[in-house]
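Next up, target18.cif (mmCIF, C-alpha atoms):
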data_protein
#
loop_
_atom_site.group_PDB
_atom_site.id
_atom_site.type_symbol
_atom_site.label_atom_id
_atom_site.label_comp_id
_atom_site.auth_asym_id
_atom_site.auth_seq_id
_atom_site.Cartn_x
_atom_site.Cartn_y
_atom_site.Cartn_z
ATOM 1 C CA GLY U 1 -14.492 7.329 0.821
ATOM 2 C CA GLU U 2 -11.432 8.183 2.837
ATOM 3 C CA ASN U 3 -9.591 11.400 1.942
ATOM 4 C CA VAL U 4 -5.966 11.080 3.026
ATOM 5 C CA GLU U 5 -3.273 13.753 2.950
ATOM 6 C CA GLN U 6 0.363 13.591 3.945
ATOM 7 C CA HIS U 7 2.696 16.418 4.815
ATOM 8 C CA PRO U 8 5.323 17.210 3.856
ATOM 9 C CA SER U 9 5.609 15.655 0.400
ATOM 10 C CA THR U 10 9.403 15.791 0.620
ATOM 11 C CA LEU U 11 11.651 16.014 3.662
ATOM 12 C CA SER U 12 15.416 16.338 3.898
ATOM 13 C CA VAL U 13 17.176 15.912 7.222
ATOM 14 C CA GLN U 14 20.752 15.546 8.365
ATOM 15 C CA GLU U 15 21.832 12.163 9.621
ATOM 16 C CA GLY U 16 21.082 11.890 13.312
ATOM 17 C CA ASP U 17 18.240 14.399 13.248
ATOM 18 C CA SER U 18 14.592 13.521 13.774
ATOM 19 C CA ALA U 19 11.938 13.362 11.062
ATOM 20 C CA VAL U 20 8.191 13.754 11.462
ATOM 21 C CA ILE U 21 5.572 13.007 8.815
ATOM 22 C CA LYS U 22 1.923 13.839 9.374
ATOM 23 C CA CYS U 23 -1.140 12.126 7.929
ATOM 24 C CA THR U 24 -4.622 13.615 8.039
ATOM 25 C CA TYR U 25 -7.756 11.690 7.175
ATOM 26 C CA SER U 26 -11.448 12.372 6.816
ATOM 27 C CA ASP U 27 -13.295 9.184 7.780
ATOM 28 C CA SER U 28 -14.169 9.286 11.473
ATOM 29 C CA ALA U 29 -14.741 5.513 11.321
ATOM 30 C CA SER U 30 -11.033 4.913 10.746
ATOM 31 C CA ASN U 31 -9.529 2.922 13.563
ATOM 32 C CA TYR U 32 -6.419 1.333 12.063
ATOM 33 C CA PHE U 33 -3.395 3.525 11.271
ATOM 34 C CA PRO U 34 -0.354 1.977 9.584
ATOM 35 C CA TRP U 35 2.793 3.420 8.061
ATOM 36 C CA TYR U 36 4.564 1.802 5.124
ATOM 37 C CA LYS U 37 8.106 2.360 3.859
ATOM 38 C CA GLN U 38 8.888 1.939 0.162
ATOM 39 C CA GLU U 39 12.476 1.679 -0.978
ATOM 40 C CA LEU U 40 13.417 2.164 -4.603
ATOM 41 C CA GLY U 41 12.323 -0.727 -6.796
ATOM 42 C CA LYS U 42 10.480 -2.510 -4.009
ATOM 43 C CA GLY U 43 6.954 -2.792 -2.760
ATOM 44 C CA PRO U 44 5.896 -0.917 0.384
ATOM 45 C CA GLN U 45 6.694 -2.586 3.693
ATOM 46 C CA LEU U 46 4.692 -2.184 6.887
ATOM 47 C CA ILE U 47 6.942 -0.612 9.536
ATOM 48 C CA ILE U 48 4.549 0.294 12.321
ATOM 49 C CA ASP U 49 0.827 0.476 12.971
ATOM 50 C CA ILE U 50 -1.502 1.614 15.701
ATOM 51 C CA ARG U 51 -5.112 0.960 16.588
ATOM 52 C CA SER U 52 -7.516 3.593 17.809
ATOM 53 C CA ASN U 53 -7.533 2.473 21.406
ATOM 54 C CA VAL U 54 -3.878 3.483 21.708
ATOM 55 C CA GLY U 55 -2.438 6.998 21.508
ATOM 56 C CA GLU U 56 1.197 6.166 20.873
ATOM 57 C CA LYS U 57 3.344 3.215 19.909
ATOM 58 C CA LYS U 58 7.124 2.957 19.735
ATOM 59 C CA ASP U 59 9.430 0.473 18.096
ATOM 60 C CA GLN U 60 13.093 1.352 18.550
ATOM 61 C CA ARG U 61 13.731 4.512 16.500
ATOM 62 C CA ILE U 62 10.240 4.815 15.065
ATOM 63 C CA ALA U 63 6.999 5.822 16.721
ATOM 64 C CA VAL U 64 3.466 6.649 15.704
ATOM 65 C CA THR U 65 1.202 9.064 17.549
ATOM 66 C CA LEU U 66 -2.531 9.343 17.029
ATOM 67 C CA ASN U 67 -4.940 12.222 17.585
ATOM 68 C CA LYS U 68 -8.378 10.826 16.758
ATOM 69 C CA THR U 69 -10.182 14.017 17.701
ATOM 70 C CA ALA U 70 -8.208 16.000 15.148
ATOM 71 C CA LYS U 71 -8.092 13.062 12.712
ATOM 72 C CA HIS U 72 -4.384 12.900 12.204
ATOM 73 C CA PHE U 73 -1.508 10.614 13.066
ATOM 74 C CA SER U 74 2.211 11.057 12.694
ATOM 75 C CA LEU U 75 5.312 9.003 12.062
ATOM 76 C CA HIS U 76 8.360 9.944 14.097
ATOM 77 C CA ILE U 77 11.844 8.715 13.218
ATOM 78 C CA THR U 78 14.642 9.568 15.619
ATOM 79 C CA GLU U 79 18.411 9.383 15.046
ATOM 80 C CA THR U 80 17.850 9.124 11.298
ATOM 81 C CA GLN U 81 20.252 7.059 9.216
ATOM 82 C CA PRO U 82 20.878 6.973 5.446
ATOM 83 C CA GLU U 83 18.960 3.701 5.196
ATOM 84 C CA ASP U 84 15.847 5.530 6.375
ATOM 85 C CA SER U 85 15.794 7.312 2.990
ATOM 86 C CA ALA U 86 12.652 6.083 1.251
ATOM 87 C CA VAL U 87 9.062 7.025 0.487
ATOM 88 C CA TYR U 88 6.692 6.694 3.426
ATOM 89 C CA PHE U 89 2.948 6.131 3.073
ATOM 90 C CA CYS U 90 0.176 6.286 5.615
ATOM 91 C CA ALA U 91 -2.981 4.223 5.076
ATOM 92 C CA PRO U 92 -5.763 4.917 7.600
ATOM 93 C CA SER U 93 -8.581 2.416 7.446
ATOM 94 C CA PRO U 94 -11.939 1.686 8.989
ATOM 95 C CA ARG U 95 -12.132 -1.805 10.300
ATOM 96 C CA ILE U 96 -14.484 -4.029 8.378
ATOM 97 C CA LEU U 97 -16.138 -6.137 11.032
ATOM 98 C CA THR U 98 -17.870 -8.595 8.762
ATOM 99 C CA GLY U 99 -16.272 -10.733 6.130
ATOM 100 C CA GLY U 100 -12.743 -9.647 6.820
ATOM 101 C CA GLY U 101 -10.539 -7.758 4.422
ATOM 102 C CA ASN U 102 -9.048 -4.338 4.918
ATOM 103 C CA LYS U 103 -8.971 -2.202 1.802
ATOM 104 C CA LEU U 104 -6.425 0.478 2.572
ATOM 105 C CA THR U 105 -6.463 3.988 1.139
ATOM 106 C CA PHE U 106 -2.887 5.189 0.910
ATOM 107 C CA GLY U 107 -1.690 8.735 1.302
ATOM 108 C CA THR U 108 0.248 10.453 -1.462
ATOM 109 C CA GLY U 109 3.583 9.618 0.104
ATOM 110 C CA THR U 110 6.501 11.500 1.649
ATOM 111 C CA GLN U 111 9.974 11.275 0.137
ATOM 112 C CA LEU U 112 12.449 11.284 3.032
ATOM 113 C CA LYS U 113 16.099 11.942 2.284
ATOM 114 C CA VAL U 114 18.663 11.548 5.022
ATOM 115 C CA GLU U 115 21.830 13.405 4.148
ATOM 116 C CA LEU U 116 25.282 12.613 5.473
ATOM 117 C CA GLY D 1 6.789 -19.111 -0.457
ATOM 118 C CA ALA D 2 8.530 -16.726 1.870
ATOM 119 C CA GLY D 3 7.019 -13.620 0.342
ATOM 120 C CA VAL D 4 4.631 -12.335 -2.297
ATOM 121 C CA SER D 5 5.962 -13.141 -5.753
ATOM 122 C CA GLN D 6 5.020 -11.174 -8.855
ATOM 123 C CA SER D 7 5.868 -11.889 -12.451
ATOM 124 C CA PRO D 8 7.095 -10.610 -14.744
ATOM 125 C CA SER D 9 9.106 -7.934 -12.946
ATOM 126 C CA ASN D 10 9.125 -5.829 -16.101
ATOM 127 C CA LYS D 11 6.855 -5.875 -19.124
ATOM 128 C CA VAL D 12 7.018 -3.745 -22.245
ATOM 129 C CA THR D 13 4.073 -4.074 -24.575
ATOM 130 C CA GLU D 14 2.707 -2.341 -27.621
ATOM 131 C CA LYS D 15 -0.404 -0.220 -27.387
ATOM 132 C CA GLY D 16 -3.475 -2.322 -28.072
ATOM 133 C CA LYS D 17 -1.998 -5.620 -26.895
ATOM 134 C CA ASP D 18 -3.312 -7.612 -23.939
ATOM 135 C CA VAL D 19 -1.116 -8.330 -20.907
ATOM 136 C CA GLU D 20 -1.355 -10.680 -17.947
ATOM 137 C CA LEU D 21 0.322 -9.994 -14.639
ATOM 138 C CA ARG D 22 0.699 -12.727 -12.065
ATOM 139 C CA CYS D 23 0.728 -12.668 -8.296
ATOM 140 C CA ASP D 24 1.587 -15.575 -6.023
ATOM 141 C CA PRO D 25 0.636 -14.615 -2.449
ATOM 142 C CA ILE D 26 2.025 -15.894 0.827
ATOM 143 C CA SER D 27 0.741 -19.377 1.494
ATOM 144 C CA GLY D 28 -2.273 -19.283 3.802
ATOM 145 C CA HIS D 29 -3.043 -15.612 3.258
ATOM 146 C CA THR D 30 -6.744 -15.365 2.540
ATOM 147 C CA ALA D 31 -6.857 -11.802 1.245
ATOM 148 C CA LEU D 32 -5.175 -10.584 -1.940
ATOM 149 C CA TYR D 33 -5.043 -7.017 -3.263
ATOM 150 C CA TRP D 34 -3.970 -5.304 -6.466
ATOM 151 C CA TYR D 35 -2.800 -1.694 -6.469
ATOM 152 C CA ARG D 36 -1.380 0.514 -9.204
ATOM 153 C CA GLN D 37 1.380 3.054 -8.709
ATOM 154 C CA SER D 38 2.075 5.586 -11.416
ATOM 155 C CA LEU D 39 5.489 7.268 -11.544
ATOM 156 C CA GLY D 40 6.055 9.316 -8.419
ATOM 157 C CA GLN D 41 2.476 8.809 -7.282
ATOM 158 C CA GLY D 42 0.681 7.058 -4.477
ATOM 159 C CA LEU D 43 -1.014 3.698 -4.546
ATOM 160 C CA GLU D 44 -4.345 3.382 -6.319
ATOM 161 C CA PHE D 45 -6.579 0.507 -5.241
ATOM 162 C CA LEU D 46 -7.767 -1.754 -8.053
ATOM 163 C CA ILE D 47 -9.357 -4.935 -6.703
ATOM 164 C CA TYR D 48 -9.285 -7.271 -3.748
ATOM 165 C CA PHE D 49 -10.179 -10.886 -3.068
ATOM 166 C CA GLN D 50 -11.138 -12.258 0.338
ATOM 167 C CA GLY D 51 -11.575 -15.984 0.687
ATOM 168 C CA ASN D 52 -14.604 -17.232 -1.207
ATOM 169 C CA SER D 53 -16.395 -13.888 -1.155
ATOM 170 C CA ALA D 54 -17.153 -11.958 -4.332
ATOM 171 C CA PRO D 55 -14.181 -9.715 -5.148
ATOM 172 C CA ASP D 56 -14.346 -5.971 -4.548
ATOM 173 C CA LYS D 57 -13.788 -4.573 -8.046
ATOM 174 C CA SER D 58 -14.628 -1.001 -7.194
ATOM 175 C CA GLY D 59 -11.183 0.341 -8.090
ATOM 176 C CA LEU D 60 -10.860 -1.067 -11.593
ATOM 177 C CA PRO D 61 -10.515 1.971 -13.887
ATOM 178 C CA SER D 62 -12.285 0.508 -16.906
ATOM 179 C CA ASP D 63 -13.759 -2.698 -18.290
ATOM 180 C CA ARG D 64 -10.404 -3.383 -19.955
ATOM 181 C CA PHE D 65 -9.158 -4.442 -16.536
ATOM 182 C CA SER D 66 -10.093 -7.750 -14.959
ATOM 183 C CA ALA D 67 -8.649 -10.095 -12.381
ATOM 184 C CA GLU D 68 -9.227 -13.558 -11.115
ATOM 185 C CA ARG D 69 -7.946 -15.662 -8.304
ATOM 186 C CA THR D 70 -7.885 -19.383 -8.870
ATOM 187 C CA GLY D 71 -8.143 -21.849 -6.008
ATOM 188 C CA GLY D 72 -7.833 -19.083 -3.466
ATOM 189 C CA SER D 73 -4.146 -18.643 -4.244
ATOM 190 C CA VAL D 74 -2.548 -17.290 -7.419
ATOM 191 C CA SER D 75 -4.124 -14.222 -8.997
ATOM 192 C CA THR D 76 -3.879 -12.853 -12.520
ATOM 193 C CA LEU D 77 -4.564 -9.247 -13.473
ATOM 194 C CA THR D 78 -5.422 -8.866 -17.155
ATOM 195 C CA ILE D 79 -5.377 -5.618 -19.079
ATOM 196 C CA GLN D 80 -6.915 -5.765 -22.524
ATOM 197 C CA ARG D 81 -6.128 -3.391 -25.370
ATOM 198 C CA THR D 82 -3.457 -1.622 -23.354
ATOM 199 C CA GLN D 83 -3.156 2.156 -23.528
ATOM 200 C CA GLN D 84 -0.177 4.370 -22.713
ATOM 201 C CA GLU D 85 -1.909 5.626 -19.562
ATOM 202 C CA ASP D 86 -1.835 2.050 -18.256
ATOM 203 C CA SER D 87 1.933 2.371 -17.831
ATOM 204 C CA ALA D 88 2.638 2.011 -14.118
ATOM 205 C CA VAL D 89 3.924 -0.371 -11.485
ATOM 206 C CA TYR D 90 1.283 -2.924 -10.556
ATOM 207 C CA LEU D 91 1.630 -4.088 -6.967
ATOM 208 C CA CYS D 92 0.082 -7.129 -5.406
ATOM 209 C CA ALA D 93 -0.287 -7.633 -1.660
ATOM 210 C CA SER D 94 -1.667 -10.343 0.545
ATOM 211 C CA SER D 95 -2.750 -10.431 4.161
ATOM 212 C CA LEU D 96 -3.736 -12.967 6.752
ATOM 213 C CA GLN D 97 -7.266 -12.305 7.837
ATOM 214 C CA SER D 98 -7.782 -14.161 11.050
ATOM 215 C CA ASP D 99 -10.416 -12.626 13.281
ATOM 216 C CA PRO D 100 -11.231 -9.270 11.666
ATOM 217 C CA LYS D 101 -12.646 -7.983 14.941
ATOM 218 C CA THR D 102 -9.402 -8.294 16.773
ATOM 219 C CA SER D 103 -6.490 -8.533 14.411
ATOM 220 C CA PHE D 104 -5.198 -7.409 11.095
ATOM 221 C CA ASP D 105 -1.573 -7.978 10.322
ATOM 222 C CA GLY D 106 -1.179 -5.490 7.530
ATOM 223 C CA TYR D 107 -0.236 -6.114 3.941
ATOM 224 C CA THR D 108 2.810 -7.891 2.577
ATOM 225 C CA PHE D 109 3.579 -6.467 -0.848
ATOM 226 C CA GLY D 110 5.389 -8.010 -3.752
ATOM 227 C CA SER D 111 8.024 -6.029 -5.642
ATOM 228 C CA GLY D 112 5.604 -5.217 -8.412
ATOM 229 C CA THR D 113 5.445 -5.491 -12.185
ATOM 230 C CA ARG D 114 6.604 -2.424 -14.081
ATOM 231 C CA LEU D 115 4.393 -2.160 -17.153
ATOM 232 C CA THR D 116 5.411 0.096 -20.016
ATOM 233 C CA VAL D 117 3.044 0.571 -22.943
ATOM 234 C CA VAL D 118 4.755 1.943 -26.038
#
The structure in this file should be written as structure tokens.
Amino acid sequence: GENVEQHPSTLSVQEGDSAVIKCTYSDSASNYFPWYKQELGKGPQLIIDIRSNVGEKKDQRIAVTLNKTAKHFSLHITETQPEDSAVYFCAPSPRILTGGGNKLTFGTGTQLKVEL
Amino acid sequence: GAGVSQSPSNKVTEKGKDVELRCDPISGHTALYWYRQSLGQGLEFLIYFQGNSAPDKSGLPSDRFSAERTGGSVSTLTIQRTQQEDSAVYLCASSLQSDPKTSFDGYTFGSGTRLTVV
């Protein structure tokens, strides 16, 4: 099965600074790379994802970069704001080409705190 | 509905009792997943349902855990003879599986059921 690690486990930044969270995985068949954000008392929410035929994807202040050779991908948040404070999970997955369904293996999570 | 609905939001039960947790997925979503999240931990896969296929039960931790999905919509996760280590937040998610070769829209999670076994 997929072995997924996230670093760091906790991250504190000043408002306006950038934050980077890295996810490493073991399954070379992985070709779908999402990031989820979980706010207190809520379920995780998909914020950005990337497929293996793309090296980088941006959506306003967030971006994901992928290095398939090294088997890692990273979440980048620029101009951080207090509302970015949450736990972030990566969930690399191999695509299941028959029958549908994507069972995601989630990383251990990164607690991001944006301080005023 | 507009999102994934889970009930109850909180459940306190005595050790040894059975509990049922309910998940109502987004209408039209063919795939439904159950995950468990212990305090301060990541998400542990339990089971998933995809259309009319046999469910993938590979993540269920013991035979005290079971789940069913009736009519391809609502799902119930049942834990029999609850133990204190079952205390966790149980999260349900659904996804729209169109063409698995070309698209996957990610999960939409519910807010979870916080189960406390005393």
Quick one: contact table of chain D to chain U, 9 Å max, nearest atom pair and distance in Å to one decimal per residue, counting only C-alpha atoms, chain and number order, as JSON lines?
{"residue": "D:Thr30", "atom": "CA", "partner": "U:Gly101", "partner_atom": "CA", "distance": 8.7}
{"residue": "D:Ala31", "atom": "CA", "partner": "U:Gly101", "partner_atom": "CA", "distance": 6.3}
{"residue": "D:Leu32", "atom": "CA", "partner": "U:Gly101", "partner_atom": "CA", "distance": 8.8}
{"residue": "D:Tyr33", "atom": "CA", "partner": "U:Lys103", "partner_atom": "CA", "distance": 8.0}
{"residue": "D:Gly40", "atom": "CA", "partner": "U:Gly109", "partner_atom": "CA", "distance": 8.9}
{"residue": "D:Gln41", "atom": "CA", "partner": "U:Thr108", "partner_atom": "CA", "distance": 6.4}
{"residue": "D:Gly42", "atom": "CA", "partner": "U:Thr108", "partner_atom": "CA", "distance": 4.6}
{"residue": "D:Leu43", "atom": "CA", "partner": "U:Phe106", "partner_atom": "CA", "distance": 6.0}
{"residue": "D:Glu44", "atom": "CA", "partner": "U:Phe106", "partner_atom": "CA", "distance": 7.6}
{"residue": "D:Phe45", "atom": "CA", "partner": "U:Thr105", "partner_atom": "CA", "distance": 7.3}
{"residue": "D:Ile47", "atom": "CA", "partner": "U:Lys103", "partner_atom": "CA", "distance": 8.9}
{"residue": "D:Tyr48", "atom": "CA", "partner": "U:Lys103", "partner_atom": "CA", "distance": 7.5}
{"residue": "D:Phe49", "atom": "CA", "partner": "U:Gly101", "partner_atom": "CA", "distance": 8.1}
{"residue": "D:Gln50", "atom": "CA", "partner": "U:Gly101", "partner_atom": "CA", "distance": 6.1}
{"residue": "D:Gly51", "atom": "CA", "partner": "U:Gly100", "partner_atom": "CA", "distance": 8.9}
{"residue": "D:Ser53", "atom": "CA", "partner": "U:Gly99", "partner_atom": "CA", "distance": 7.9}
{"residue": "D:Leu91", "atom": "CA", "partner": "U:Gly43", "partner_atom": "CA", "distance": 6.9}
{"residue": "D:Cys92", "atom": "CA", "partner": "U:Gly43", "partner_atom": "CA", "distance": 8.5}
{"residue": "D:Ala93", "atom": "CA", "partner": "U:Gly43", "partner_atom": "CA", "distance": 8.8}
{"residue": "D:Ser95", "atom": "CA", "partner": "U:Gly101", "partner_atom": "CA", "distance": 8.2}
{"residue": "D:Leu96", "atom": "CA", "partner": "U:Gly101", "partner_atom": "CA", "distance": 8.9}
{"residue": "D:Gln97", "atom": "CA", "partner": "U:Gly100", "partner_atom": "CA", "distance": 6.2}
{"residue": "D:Ser98", "atom": "CA", "partner": "U:Gly100", "partner_atom": "CA", "distance": 7.9}
{"residue": "D:Asp99", "atom": "CA", "partner": "U:Gly100", "partner_atom": "CA", "distance": 7.5}
{"residue": "D:Pro100", "atom": "CA", "partner": "U:Gly100", "partner_atom": "CA", "distance": 5.1}
{"residue": "D:Lys101", "atom": "CA", "partner": "U:Leu97", "partner_atom": "CA", "distance": 5.6}
{"residue": "D:Phe104", "atom": "CA", "partner": "U:Asn102", "partner_atom": "CA", "distance": 7.9}
{"residue": "D:Gly106", "atom": "CA", "partner": "U:Leu46", "partner_atom": "CA", "distance": 6.8}
{"residue": "D:Tyr107", "atom": "CA", "partner": "U:Leu46", "partner_atom": "CA", "distance": 7.0}
{"residue": "D:Thr108", "atom": "CA", "partner": "U:Gln45", "partner_atom": "CA", "distance": 6.7}
{"residue": "D:Phe109", "atom": "CA", "partner": "U:Gly43", "partner_atom": "CA", "distance": 5.3}
{"residue": "D:Gly110", "atom": "CA", "partner": "U:Gly43", "partner_atom": "CA", "distance": 5.5}
{"residue": "D:Ser111", "atom": "CA", "partner": "U:Gly43", "partner_atom": "CA", "distance": 4.5}
{"residue": "D:Gly112", "atom": "CA", "partner": "U:Gly43", "partner_atom": "CA", "distance": 6.3}
### Message
Counting all atoms listed in the file, which residues sit no farther than 12 Å from the position (0.0, -3.8, -23.0) in the file's frame? I'd like them as a ChimeraX atom specification.
### Response
/D:10-21,64-65,77-88,114-118
Item to complete: List, as JSON, numbers by chain, every residue that the PyMOL selection byres ((chain U and resi 19) around 10) selects in the file provided.
Response: {"U": [11, 12, 13, 14, 16, 17, 18, 20, 21, 62, 75, 76, 77, 78, 79, 80, 84, 112, 113, 114]}
With C-alpha atoms kept, could you save the residues just selected as a tab-separated table (two decimals), in the coordinates of the input?
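Saved to out.tsv:
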chain	number	residue	atom	x	y	z
U	11	LEU	CA	11.65	16.01	3.66
U	12	SER	CA	15.42	16.34	3.90
U	13	VAL	CA	17.18	15.91	7.22
U	14	GLN	CA	20.75	15.55	8.36
U	16	GLY	CA	21.08	11.89	13.31
U	17	ASP	CA	18.24	14.40	13.25
U	18	SER	CA	14.59	13.52	13.77
U	20	VAL	CA	8.19	13.75	11.46
U	21	ILE	CA	5.57	13.01	8.82
U	62	ILE	CA	10.24	4.82	15.06
U	75	LEU	CA	5.31	9.00	12.06
U	76	HIS	CA	8.36	9.94	14.10
U	77	ILE	CA	11.84	8.72	13.22
U	78	THR	CA	14.64	9.57	15.62
U	79	GLU	CA	18.41	9.38	15.05
U	80	THR	CA	17.85	9.12	11.30
U	84	ASP	CA	15.85	5.53	6.38
U	112	LEU	CA	12.45	11.28	3.03
U	113	LYS	CA	16.10	11.94	2.28
U	114	VAL	CA	18.66	11.55	5.02
* Can you list what the PyMOL selection byres ((chain D and resi 27) around 12) grabs from this structure, as a PyMOL selection string? -> chain D and resi 1-5+23-26+28-32+71-74+94-96+108
Review point. CA of Cys90 (chain U) and CA of Gln6 (chain U) are how many Å apart?
Key: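 Result for CA of Cys90 (chain U) versus CA of Gln6 (chain U): 7.5 Å, one decimal.
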Any idea what the distance is between CA of Arg61 (chain U) and CA of Ser26 (chain U)?
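So the answer is 28.1 Å.
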What are the centre and edge lengths in Å, to one decimal, of the axis-aligned box around all listed atoms of region 72-78 of chain U with 4 Å added on each side, as lines of an AutoDock Vina configuration file?
center_x = 5.1
center_y = 10.8
center_z = 13.8
size_x = 27.0
size_y = 12.2
size_z = 11.6
| message | Suppose a student applies the PyMOL selection byres ((chain U and resi 4) around 6) to this structure; what residues should they get, written as a list in words? | response | Asn3, Glu5, Thr24, Tyr25 and Gly107 of chain U
